[in-house]
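Peer 1: Below you'll find model.cif; it's mmCIF, C-alpha atoms and all ligand atoms.
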```cif
data_model
loop_
_atom_site.label_atom_id
_atom_site.label_comp_id
_atom_site.auth_asym_id
_atom_site.auth_seq_id
_atom_site.Cartn_x
_atom_site.Cartn_y
_atom_site.Cartn_z
CA MET A 1 0.00 0.00 0.00
CA LYS A 2 1.33 3.45 -0.93
CA SER A 3 2.05 5.58 2.12
CA THR A 4 0.85 8.91 0.75
CA ALA A 5 -2.26 10.22 -0.98
CA GLU A 6 -3.78 13.60 -1.69
CA ALA A 7 -6.98 12.37 -0.08
CA VAL A 8 -7.99 9.35 1.99
CA VAL A 9 -11.63 8.24 2.08
CA ILE A 10 -12.56 5.96 4.99
CA GLY A 11 -15.22 3.46 3.88
CA ALA A 12 -16.11 1.98 0.50
CA GLY A 13 -19.88 2.00 0.70
CA ILE A 14 -21.97 3.89 -1.83
CA MET A 15 -20.76 7.19 -0.33
CA GLY A 16 -17.04 6.47 -0.21
CA CYS A 17 -17.07 5.15 -3.78
CA ALA A 18 -19.23 7.96 -5.18
CA ILE A 19 -17.10 10.63 -3.45
CA ALA A 20 -13.83 9.08 -4.64
CA HIS A 21 -15.20 8.88 -8.18
CA ALA A 22 -16.39 12.48 -8.12
CA LEU A 23 -13.04 13.72 -6.76
CA ALA A 24 -11.21 11.86 -9.52
CA GLU A 25 -13.59 13.16 -12.20
CA ARG A 26 -12.64 16.67 -11.04
CA GLY A 27 -8.95 15.91 -11.36
CA LEU A 28 -8.03 14.75 -7.85
CA THR A 29 -7.01 11.22 -8.81
CA ASP A 30 -4.47 10.51 -6.05
CA VAL A 31 -7.25 9.25 -3.79
CA LEU A 32 -6.99 6.21 -1.52
CA VAL A 33 -10.20 4.55 -0.27
CA LEU A 34 -9.68 2.32 2.76
CA GLU A 35 -12.33 -0.29 3.52
CA ARG A 36 -12.21 -2.56 6.58
CA ASP A 37 -14.30 -5.21 4.81
CA GLN A 38 -15.15 -5.31 1.11
CA ILE A 39 -16.58 -2.76 -1.29
CA GLY A 40 -20.29 -2.22 -0.75
CA ARG A 41 -20.69 -4.80 2.03
CA GLY A 42 -21.73 -2.35 4.78
CA ALA A 43 -25.16 -0.73 5.19
CA THR A 44 -25.29 -0.36 1.41
CA ALA A 45 -25.53 -4.14 0.97
CA ASP A 46 -28.45 -4.34 3.40
CA ALA A 47 -30.58 -1.62 1.79
CA ALA A 48 -33.90 -2.23 0.07
CA GLY A 49 -32.59 -0.27 -2.93
CA GLY A 50 -35.40 2.26 -2.89
CA VAL A 51 -34.86 5.50 -4.79
CA ARG A 52 -37.48 8.17 -4.15
CA GLN A 53 -37.93 11.91 -4.33
CA GLN A 54 -40.75 12.22 -1.82
CA PHE A 55 -38.98 14.06 1.00
CA SER A 56 -39.95 16.96 3.23
CA THR A 57 -36.79 19.09 3.03
CA GLU A 58 -35.64 20.97 -0.06
CA THR A 59 -32.09 19.67 0.27
CA ASN A 60 -33.20 16.03 0.30
CA ILE A 61 -35.56 16.53 -2.64
CA ARG A 62 -32.81 18.16 -4.70
CA LEU A 63 -30.26 15.47 -3.76
CA ALA A 64 -32.74 12.72 -4.66
CA ARG A 65 -33.80 14.40 -7.90
CA GLU A 66 -30.26 14.84 -9.16
CA SER A 67 -29.42 11.27 -8.15
CA ILE A 68 -32.40 9.74 -9.93
CA ARG A 69 -31.20 11.29 -13.19
CA VAL A 70 -27.89 9.46 -12.65
CA TRP A 71 -29.60 6.16 -11.79
CA GLU A 72 -31.64 6.49 -15.00
CA THR A 73 -28.51 6.83 -17.11
CA PHE A 74 -26.21 4.57 -15.06
CA PRO A 75 -25.76 1.84 -17.71
CA GLN A 76 -24.69 4.40 -20.33
CA ARG A 77 -22.43 6.32 -17.95
CA PHE A 78 -20.93 3.47 -15.93
CA GLY A 79 -21.38 0.48 -18.25
CA ARG A 80 -23.40 -1.45 -15.66
CA ASP A 81 -27.01 -2.50 -15.50
CA ILE A 82 -28.36 -1.73 -12.02
CA GLY A 83 -31.84 -3.11 -12.65
CA LEU A 84 -33.61 0.20 -12.08
CA ARG A 85 -37.39 -0.30 -11.85
CA GLN A 86 -39.28 3.00 -11.82
CA GLN A 87 -42.61 1.59 -10.68
CA GLY A 88 -43.29 4.38 -8.24
CA TYR A 89 -43.48 4.89 -4.48
CA LEU A 90 -46.98 4.78 -3.01
CA PHE A 91 -47.39 6.16 0.53
CA LEU A 92 -50.58 5.04 2.32
CA LEU A 93 -51.80 7.44 5.02
CA THR A 94 -54.02 6.37 7.90
CA ASP A 95 -53.58 9.33 10.26
CA PRO A 96 -55.56 12.40 9.10
CA ALA A 97 -53.06 14.67 10.87
CA GLU A 98 -50.55 13.68 8.16
CA GLU A 99 -52.60 15.14 5.30
CA PRO A 100 -51.58 18.81 5.64
CA VAL A 101 -47.95 17.79 6.13
CA PHE A 102 -47.91 15.55 3.06
CA ARG A 103 -49.78 18.13 0.97
CA GLN A 104 -47.24 20.79 1.96
CA ASN A 105 -44.42 18.39 1.05
CA LEU A 106 -46.08 17.67 -2.31
CA ALA A 107 -46.16 21.41 -3.05
CA LEU A 108 -42.45 21.66 -2.24
CA GLN A 109 -41.64 18.57 -4.35
CA ASN A 110 -43.76 19.76 -7.31
CA GLY A 111 -42.11 23.19 -7.15
CA LEU A 112 -38.75 21.45 -7.56
CA GLY A 113 -39.97 19.44 -10.56
CA VAL A 114 -40.93 16.16 -8.84
CA PRO A 115 -44.08 14.63 -10.42
CA SER A 116 -45.55 13.39 -7.12
CA ARG A 117 -49.29 13.74 -6.46
CA TRP A 118 -52.04 13.25 -3.90
CA VAL A 119 -54.06 10.05 -4.44
CA THR A 120 -57.54 9.21 -3.13
CA PRO A 121 -58.44 5.69 -1.92
CA GLU A 122 -60.09 5.08 -5.33
CA GLU A 123 -56.89 6.04 -7.13
CA ILE A 124 -54.80 3.94 -4.72
CA ALA A 125 -57.02 0.95 -5.55
CA GLN A 126 -56.08 1.39 -9.21
CA ILE A 127 -52.35 1.78 -8.53
CA ASN A 128 -52.23 -1.15 -6.10
CA PRO A 129 -55.50 -3.14 -6.05
CA HIS A 130 -54.11 -5.61 -3.50
CA VAL A 131 -54.00 -3.46 -0.36
CA VAL A 132 -56.68 -3.21 2.31
CA LEU A 133 -57.88 0.40 2.34
CA ASP A 134 -60.44 0.37 5.20
CA ASP A 135 -58.34 2.71 7.34
CA VAL A 136 -56.57 4.58 4.50
CA TYR A 137 -57.96 8.03 3.72
CA GLY A 138 -55.43 8.97 1.02
CA GLY A 139 -51.81 8.91 0.06
CA THR A 140 -49.14 10.18 -2.29
CA PHE A 141 -47.61 8.65 -5.40
CA CYS A 142 -44.59 9.49 -7.55
CA PRO A 143 -44.25 7.37 -10.70
CA GLU A 144 -40.56 8.24 -11.18
CA ASP A 145 -39.53 6.67 -7.87
CA GLY A 146 -38.46 3.02 -7.74
CA TRP A 147 -35.59 0.79 -6.70
CA CYS A 148 -32.37 -0.71 -8.05
CA ASP A 149 -29.39 -2.91 -7.22
CA THR A 150 -27.29 -1.28 -4.50
CA PHE A 151 -24.28 -3.55 -4.81
CA GLY A 152 -24.08 -3.18 -8.59
CA ALA A 153 -24.32 0.59 -8.26
CA THR A 154 -21.52 0.74 -5.69
CA ILE A 155 -19.27 -1.51 -7.77
CA GLY A 156 -20.06 0.72 -10.76
CA PHE A 157 -18.76 3.80 -8.93
CA ALA A 158 -15.76 1.86 -7.59
CA GLN A 159 -14.73 0.57 -11.02
CA ALA A 160 -15.15 4.00 -12.61
CA ALA A 161 -13.08 5.56 -9.81
CA ARG A 162 -10.34 2.96 -10.24
CA ALA A 163 -10.30 3.59 -13.99
CA LEU A 164 -9.49 7.23 -13.19
CA GLY A 165 -6.61 6.26 -10.88
CA VAL A 166 -8.26 5.94 -7.46
CA ARG A 167 -6.89 3.14 -5.28
CA ILE A 168 -9.33 1.14 -3.17
CA GLU A 169 -7.85 -1.15 -0.50
CA GLU A 170 -10.18 -3.74 0.98
CA ASP A 171 -9.64 -5.59 4.30
CA THR A 172 -7.86 -2.48 5.55
CA PRO A 173 -9.51 -1.01 8.65
CA VAL A 174 -8.48 2.48 9.63
CA THR A 175 -7.34 2.30 13.25
CA GLY A 176 -6.38 5.93 13.84
CA ILE A 177 -6.46 9.43 12.40
CA THR A 178 -3.23 11.39 12.75
CA THR A 179 -3.07 15.13 13.34
CA ASP A 180 -0.46 17.77 13.85
CA ARG A 181 -1.09 21.25 15.26
CA GLY A 182 -4.82 21.15 14.52
CA ARG A 183 -4.48 19.70 11.01
CA VAL A 184 -5.19 16.20 9.83
CA THR A 185 -2.04 14.53 8.52
CA GLY A 186 -3.29 11.07 7.59
CA VAL A 187 -4.53 7.75 8.92
CA ARG A 188 -3.20 4.67 10.63
CA THR A 189 -3.94 1.12 9.49
CA GLU A 190 -2.62 -2.30 10.49
CA GLN A 191 -0.71 -2.24 7.20
CA GLY A 192 1.00 1.04 8.04
CA GLU A 193 0.43 4.80 8.05
CA VAL A 194 -0.77 6.85 5.13
CA SER A 195 -0.09 10.56 5.09
CA ALA A 196 -2.73 12.75 3.47
CA PRO A 197 -3.80 16.39 3.94
CA LEU A 198 -7.46 15.54 3.37
CA VAL A 199 -9.42 12.73 5.06
CA VAL A 200 -13.10 12.06 4.42
CA ILE A 201 -15.05 9.87 6.84
CA ALA A 202 -17.69 7.85 4.96
CA ALA A 203 -17.95 5.03 7.47
CA GLY A 204 -21.74 4.66 7.59
CA PRO A 205 -23.06 3.30 10.90
CA GLN A 206 -19.48 3.14 12.30
CA THR A 207 -18.84 6.85 11.77
CA ARG A 208 -19.10 7.81 15.45
CA GLN A 209 -16.18 5.47 16.31
CA VAL A 210 -14.10 6.75 13.38
CA GLY A 211 -14.74 10.39 14.34
CA ALA A 212 -13.64 9.59 17.90
CA MET A 213 -10.21 8.62 16.49
CA ALA A 214 -9.72 12.34 15.84
CA GLY A 215 -11.52 13.46 19.01
CA VAL A 216 -14.60 14.54 17.04
CA ASP A 217 -18.15 13.77 18.17
CA LEU A 218 -20.22 12.78 15.13
CA PRO A 219 -23.73 11.96 16.40
CA ILE A 220 -24.56 8.89 14.31
CA ASP A 221 -25.83 5.69 15.89
CA PRO A 222 -26.68 2.27 14.42
CA TYR A 223 -30.30 1.13 14.57
CA ARG A 224 -31.22 -2.39 13.47
CA ARG A 225 -33.58 -2.76 10.53
CA MET A 226 -34.68 -6.12 9.13
CA SER A 227 -35.72 -7.02 5.60
CA PHE A 228 -37.22 -10.20 4.21
CA ILE A 229 -37.70 -11.62 0.77
CA THR A 230 -40.41 -14.04 -0.31
CA GLU A 231 -39.97 -17.01 -2.55
CA PRO A 232 -41.10 -16.49 -6.15
CA PHE A 233 -44.74 -15.56 -5.77
CA ALA A 234 -47.19 -15.03 -8.59
CA ALA A 235 -50.32 -14.06 -6.63
CA LEU A 236 -49.32 -10.40 -6.84
CA PRO A 237 -48.10 -8.76 -10.07
CA GLN A 238 -44.46 -7.73 -10.46
CA SER A 239 -45.70 -4.37 -11.74
CA LEU A 240 -46.73 -3.10 -8.27
CA PRO A 241 -45.04 0.01 -6.84
CA MET A 242 -43.03 0.26 -3.63
CA THR A 243 -45.95 0.46 -1.18
CA ILE A 244 -45.48 2.02 2.24
CA ASP A 245 -47.82 2.15 5.19
CA PHE A 246 -46.43 5.41 6.58
CA ALA A 247 -47.81 5.02 10.13
CA THR A 248 -46.20 1.64 10.77
CA GLY A 249 -43.24 1.91 8.39
CA LEU A 250 -44.26 -1.35 6.68
CA TYR A 251 -43.08 -1.49 3.06
CA PHE A 252 -42.99 -4.00 0.21
CA HIS A 253 -41.93 -4.05 -3.42
CA PRO A 254 -41.45 -6.67 -6.13
CA GLU A 255 -38.00 -8.26 -6.18
CA SER A 256 -36.58 -11.32 -8.01
CA ARG A 257 -40.00 -12.75 -8.95
CA GLY A 258 -41.03 -12.43 -5.29
CA PHE A 259 -41.36 -9.45 -2.93
CA LEU A 260 -39.01 -7.68 -0.55
CA PHE A 261 -40.62 -6.33 2.64
CA GLY A 262 -39.75 -4.92 6.02
CA MET A 263 -40.93 -2.75 8.90
CA ALA A 264 -39.01 -0.59 11.34
CA ASP A 265 -39.10 -1.49 15.03
CA ARG A 266 -39.12 2.13 16.13
CA ASP A 267 -39.02 1.22 19.82
CA GLU A 268 -35.76 -0.70 19.63
CA PRO A 269 -32.80 1.30 21.00
CA SER A 270 -29.51 1.64 19.15
CA THR A 271 -27.74 -1.72 18.96
CA THR A 272 -24.86 -3.52 17.28
CA ASP A 273 -26.87 -6.78 17.13
CA LYS A 274 -27.11 -7.78 13.47
CA THR A 275 -29.17 -10.94 13.89
CA VAL A 276 -32.74 -11.36 12.67
CA ASP A 277 -35.21 -11.15 15.54
CA GLU A 278 -37.78 -13.91 14.95
CA SER A 279 -40.48 -12.16 16.98
CA TRP A 280 -40.06 -8.98 14.91
CA MET A 281 -40.21 -11.06 11.76
CA ALA A 282 -43.55 -12.48 12.95
CA ALA A 283 -44.86 -8.97 13.72
CA THR A 284 -43.76 -7.78 10.27
CA VAL A 285 -45.43 -10.70 8.47
CA GLU A 286 -48.62 -10.10 10.48
CA ALA A 287 -48.66 -6.43 9.46
CA LEU A 288 -47.93 -7.36 5.85
CA VAL A 289 -50.76 -9.89 5.62
CA ALA A 290 -53.16 -7.46 7.29
CA ARG A 291 -52.33 -4.80 4.67
CA ALA A 292 -52.08 -7.16 1.66
CA PRO A 293 -53.83 -10.47 2.46
CA ALA A 294 -52.52 -12.23 -0.67
CA PHE A 295 -49.17 -12.53 1.14
CA GLU A 296 -50.74 -15.21 3.35
CA GLU A 297 -49.80 -17.68 0.60
CA ALA A 298 -46.18 -16.49 0.28
CA GLY A 299 -43.19 -18.39 1.65
CA ILE A 300 -40.24 -16.48 3.10
CA LEU A 301 -36.97 -17.21 1.34
CA ARG A 302 -34.63 -15.35 3.70
CA GLY A 303 -34.27 -12.39 6.00
CA TRP A 304 -31.37 -10.20 7.08
CA ALA A 305 -30.62 -7.34 9.42
CA GLY A 306 -28.62 -4.20 8.75
CA PHE A 307 -28.13 -0.82 10.35
CA TYR A 308 -29.71 2.53 9.70
CA GLU A 309 -27.09 5.21 10.47
CA VAL A 310 -29.29 7.56 12.43
CA THR A 311 -28.68 11.19 13.45
CA PRO A 312 -30.80 13.30 15.82
CA ASP A 313 -32.71 14.89 12.90
CA ASP A 314 -32.65 11.95 10.45
CA ASN A 315 -30.39 13.83 8.07
CA PRO A 316 -26.72 13.33 7.24
CA LEU A 317 -23.58 15.16 8.32
CA LEU A 318 -22.00 16.67 5.21
CA GLY A 319 -18.87 18.79 5.27
CA TRP A 320 -15.99 19.73 7.53
CA THR A 321 -16.23 18.05 10.92
CA GLY A 322 -15.24 21.09 12.97
CA GLY A 323 -12.34 19.01 14.35
CA PRO A 324 -8.88 19.01 12.83
CA GLU A 325 -8.59 21.03 9.64
CA GLY A 326 -8.85 18.84 6.56
CA LEU A 327 -11.19 16.28 8.18
CA ALA A 328 -14.57 15.98 6.47
CA VAL A 329 -17.55 13.67 6.87
CA ALA A 330 -20.37 12.34 4.68
CA ALA A 331 -22.41 9.93 6.76
CA GLY A 332 -25.55 9.50 8.84
CA PHE A 333 -28.12 9.20 6.08
CA SER A 334 -30.62 7.72 8.52
CA GLY A 335 -31.88 5.02 6.17
CA HIS A 336 -32.19 7.00 2.94
CA GLY A 337 -28.57 7.29 1.84
CA PHE A 338 -28.18 4.82 -0.97
CA MET A 339 -30.49 6.72 -3.27
CA GLN A 340 -28.59 10.00 -2.76
CA GLY A 341 -25.15 8.57 -3.49
CA PRO A 342 -24.57 10.16 -6.91
CA ALA A 343 -25.49 13.70 -5.81
CA ILE A 344 -23.61 13.37 -2.52
CA GLY A 345 -20.49 12.36 -4.46
CA ARG A 346 -20.65 15.46 -6.63
CA CYS A 347 -21.59 17.83 -3.80
CA MET A 348 -18.86 16.55 -1.49
CA ALA A 349 -16.21 16.72 -4.21
CA GLU A 350 -17.16 20.32 -5.00
CA LEU A 351 -17.29 21.25 -1.32
CA LEU A 352 -13.83 19.78 -0.73
CA LEU A 353 -12.23 21.19 -3.88
CA ASP A 354 -14.13 24.45 -4.49
CA GLY A 355 -15.47 25.35 -1.04
CA ALA A 356 -19.15 24.76 -1.84
CA PRO A 357 -21.23 22.66 -4.21
CA SER A 358 -23.04 24.22 -7.13
CA GLY A 359 -26.78 23.81 -7.56
CA ILE A 360 -27.67 22.28 -4.19
CA ASP A 361 -27.31 24.02 -0.84
CA ILE A 362 -26.11 21.32 1.55
CA ALA A 363 -25.35 23.82 4.34
CA PRO A 364 -28.52 22.73 6.23
CA PHE A 365 -26.69 19.40 6.75
CA ARG A 366 -23.45 20.94 8.06
CA PRO A 367 -22.12 18.94 11.03
CA SER A 368 -22.06 22.01 13.28
CA ARG A 369 -25.89 22.30 13.24
CA PHE A 370 -26.24 20.06 16.30
CA ALA A 371 -24.02 22.25 18.44
CA GLU A 372 -25.83 25.31 17.03
CA GLY A 373 -29.25 23.83 17.84
CA ASP A 374 -30.34 24.35 14.22
CA LEU A 375 -31.62 20.90 13.28
CA ALA A 376 -32.97 20.03 9.82
CA GLN A 377 -35.63 17.41 10.62
CA GLU A 378 -36.71 15.09 7.79
CA HIS A 379 -40.35 14.00 8.12
CA ASN A 380 -40.50 11.23 5.51
CA VAL A 381 -38.45 8.59 7.27
CA ILE A 382 -39.37 4.97 6.64
C1 LIG A 401 -32.59 -2.69 6.00
C2 LIG A 401 -32.17 -1.41 5.34
C3 LIG A 401 -32.91 -0.91 4.29
C4 LIG A 401 -32.51 0.27 3.65
N1 LIG A 401 -33.22 0.69 2.57
C5 LIG A 401 -32.80 1.78 1.89
C6 LIG A 401 -33.47 2.18 0.70
O1 LIG A 401 -34.45 1.55 0.28
N2 LIG A 401 -32.99 3.27 0.05
C7 LIG A 401 -31.92 3.98 0.49
O2 LIG A 401 -31.56 4.97 -0.14
N3 LIG A 401 -31.27 3.62 1.62
C8 LIG A 401 -31.68 2.54 2.32
N4 LIG A 401 -31.02 2.16 3.43
C9 LIG A 401 -29.95 3.01 3.95
C10 LIG A 401 -28.67 2.84 3.18
O3 LIG A 401 -28.28 1.50 3.23
C11 LIG A 401 -27.57 3.75 3.75
O4 LIG A 401 -28.06 5.05 3.98
C12 LIG A 401 -26.37 3.86 2.81
O5 LIG A 401 -26.06 2.61 2.27
C13 LIG A 401 -25.20 4.43 3.55
O6 LIG A 401 -24.05 4.32 2.73
P1 LIG A 401 -22.64 4.62 3.36
O7 LIG A 401 -21.65 4.48 2.26
O8 LIG A 401 -22.71 5.90 4.12
O9 LIG A 401 -22.45 3.47 4.47
P2 LIG A 401 -21.92 1.94 4.33
O10 LIG A 401 -22.49 1.27 3.15
O11 LIG A 401 -22.11 1.29 5.66
O12 LIG A 401 -20.39 2.13 4.04
C14 LIG A 401 -19.49 2.49 5.07
C15 LIG A 401 -18.27 1.61 4.93
O13 LIG A 401 -17.31 2.03 5.88
C16 LIG A 401 -16.60 0.88 6.31
N5 LIG A 401 -15.90 1.18 7.56
C17 LIG A 401 -16.44 1.41 8.78
N6 LIG A 401 -15.46 1.65 9.67
C18 LIG A 401 -14.29 1.59 8.99
C19 LIG A 401 -12.93 1.73 9.36
N7 LIG A 401 -12.55 1.98 10.65
N8 LIG A 401 -11.99 1.59 8.41
C20 LIG A 401 -12.30 1.32 7.11
N9 LIG A 401 -13.59 1.15 6.71
C21 LIG A 401 -14.57 1.30 7.65
C22 LIG A 401 -17.69 -0.18 6.44
O14 LIG A 401 -17.17 -1.49 6.41
C23 LIG A 401 -18.58 0.15 5.25
O15 LIG A 401 -18.30 -0.64 4.12
C24 LIG A 401 -31.37 0.98 4.10
C25 LIG A 401 -30.62 0.47 5.15
C26 LIG A 401 -31.00 -0.72 5.76
C27 LIG A 401 -30.17 -1.24 6.89
#
```
Since I need it in another form, could you write the structure as structure tokens?

Peer 2:
Amino acid sequence: MKSTAEAVVIGAGIMGCAIAHALAERGLTDVLVLERDQIGRGATADAAGGVRQQFSTETNIRLARESIRVWETFPQRFGRDIGLRQQGYLFLLTDPAEEPVFRQNLALQNGLGVPSRWVTPEEIAQINPHVVLDDVYGGTFCPEDGWCDTFGATIGFAQAARALGVRIEEDTPVTGITTDRGRVTGVRTEQGEVSAPLVVIAAGPQTRQVGAMAGVDLPIDPYRRMSFITEPFAALPQSLPMTIDFATGLYFHPESRGFLFGMADRDEPSTTDKTVDESWMAATVEALVARAPAFEEAGILRGWAGFYEVTPDDNPLLGWTGGPEGLAVAAGFSGHGFMQGPAIGRCMAELLLDGAPSGIDIAPFRPSRFAEGDLAQEHNVI
């Protein structure tokens, strides 16, 4: 491993790979990405692959909108099919108090060019005729939203970055961040030290521990989320949208001739337990069958657990950490990071190289907002 680089990126998830690629595209090719495991095997591997534009904050809508344009053209730009299926995101609402909030969010989304719309129960029955609507008074739908292959997308960024000269070292955990007189000077690994004037932490759910290596408090904690996939199942059509019961967080979408589904256990505290909890699986299946009874006939192929990387306002930390000069962070996407990868890559590269990104104001997600008490709460968290 070379012992110097112009920039070190810690973590080769979707963020580390997209940032490294964007830096290289802008001419900073002497970039070293250090990954403790393998490319794309962190939170990114555990994601449901959803890509949506239905957010409540302008920054998230803009990040998602720019990213979806990249996902749409990924095969042409990166030479890789990521299986993008733009079959829409359908939010089902059961709490009338949500209507004004969702309508306000729709206005914001529409103003930024997102073709999302309010849907009545009758319209929902046409979009997804298989859901029980007794308690649903309305919802929102965006036909451009969908899902794709997270691992393929991450590998696509990694390969494109490598082709531009970026080095990505797997099985290389960063064990320390070195500083001198208030400036970052590099990182420590079991394979030796690397000196670099710029270090970017993109360590997903492990970011708090990595920040602590430089004495920086980055408020990101892991929360377990479980997903399940059914065996091939023909009782429901593969054309259905991603369907979300907003109140419970239950979601399902077609995947590999079956369906992928999950539900957040919002009462579970932060944990590092990555096993599947059988009782939560039973609760999830019960909620799924209650909402879409056809699933009663489905067999479960497998389930897995991963970690949301949650911050106090469900939005990421993007920019300089406020610790040693030259230490930046892009992490804490609170369960909606995969979809924003392309735009985060560009914005972070421009912030690091030019001082600020063009087009999207990411200042609301500056790491210092927690100390300033100026949170940027995202409402549409699944
Ligand atoms: C069940 C589930 C469903 C989800 N569904 C969606 C979805 O539908 N849509 C969506 O957009 N998002 C979804 N997400 C969230 C999404 O997975 C994350 O927001 C996103 O993948 C974060 O990417 P990342 O690169 O920041 O983190 P990661 O993918 O975790 O990458 C960080 C990398 O850093 C490495 N690392 C950590 N510490 C060190 C160290 N000391 N040294 C070197 N390397 C280190 C890790 O090994 C890891 O590979 C979901 C998450 C889960 C768990």

Peer 1: Ligand LIG 401 (chain A): which residues are within 6 Å, counting all atoms listed in the file? Reply as a PyMOL selection string.

Peer 2: chain A and resi 10-16+34-37+40-44+46-51+173-175+202-206+210+225-227+306-308+331+333-339

Peer 1: Skipping near chain neighbours, those fewer than 6 positions away, what residues fall within 7 Å of range 234-251 of chain A using only C-alpha atoms, listed as number ranges by chain?

Peer 2: A: 87-94, 128, 146, 257, 261-264, 294, 382

Peer 1: Restricting the calculation to all atoms listed in the file, which member of A:Gln38, A:Gln86, A:Thr230, A:Thr29 is positioned closest to Arg52 in chain A?

Peer 2: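 Looking only at the distances to Arg52 in chain A, the closest residue turns out to be A:Gln86.
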
Peer 1: Which residue is closest to Thr189 in chain A? Choose from A:Gln53, A:Ser116, A:Thr321, A:Ser3 and count only C-alpha atoms.

Peer 2: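 That would be A:Ser3, the residue with the smallest distance to Thr189 in chain A.
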
Peer 1: So how far away is CA of Ile220 in chain A from CA of Phe365 in chain A, in Å?

Peer 2: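 CA of Phe365 in chain A sits 13.1 Å away from CA of Ile220 in chain A.
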
Peer 1: Write out as a PyMOL selection string each polymer residue whose atoms come within 12 Å of Glu297 in chain A, counting all atoms listed in the file; drop sequence neighbours fewer than 2 positions from it.

Peer 2: chain A and resi 230-236+258+285+288-289+292-295+299-300

Peer 1: For a quick check of understanding, using all atoms listed in the file, which of A:Ser56, A:Thr73, A:Leu301, A:Thr4 has the smallest distance to Val187 in chain A?

Peer 2: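 With all atoms listed in the file as the atom set, the closest residue is A:Thr4.
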
Peer 1: So how many Å separate CA of Ser270 in chain A and CA of Pro222 in chain A, to one decimal?

Peer 2: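 Answer for the CA of Ser270 in chain A to CA of Pro222 in chain A separation: 5.5 Å.
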
Peer 1: Check the smallest atom-to-atom distance from each of A:Gly156, A:Gly323, A:Pro115, A:Pro143 to Arg183 in chain A using all atoms listed in the file, then report the winner.

Peer 2: A:Gly323

Peer 1: Here is a test: counting all atoms listed in the file, which residue of A:Pro100, A:Gln109, A:Asp135, A:Pro75 is nearest to Glu58 in chain A?

Peer 2: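 For Glu58 in chain A, the nearest of the given residues is A:Gln109.
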
Peer 1: Counting all atoms listed in the file, write as a list in words all protein and nucleic acid residues lying at most 9 Å from (-10.7, 10.5, 0.9) in the file's frame.

Peer 2: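 Output: Ala5, Glu6, Ala7, Val8, Val9, Ile10, Gly11, Gly16, Ile19, Ala20, Leu23, Val31, Leu32, Val33, Leu34, Ala196, Leu198, Val199, Val200, Ile201, Ala202 and Ala328 of chain A.
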
Peer 1: Between CA of Gly359 in chain A and CA of Val216 in chain A, measure the distance and give it in Å to one decimal.

Peer 2: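 These two atoms are separated by 29.0 Å.
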
Peer 1: Between A:Ile127, A:Asn60, A:Gly341, A:Ala160, which has the minimum distance to Asn315 in chain A (counting only C-alpha atoms)?

Peer 2: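 For Asn315 in chain A, the nearest of the candidates is A:Asn60.
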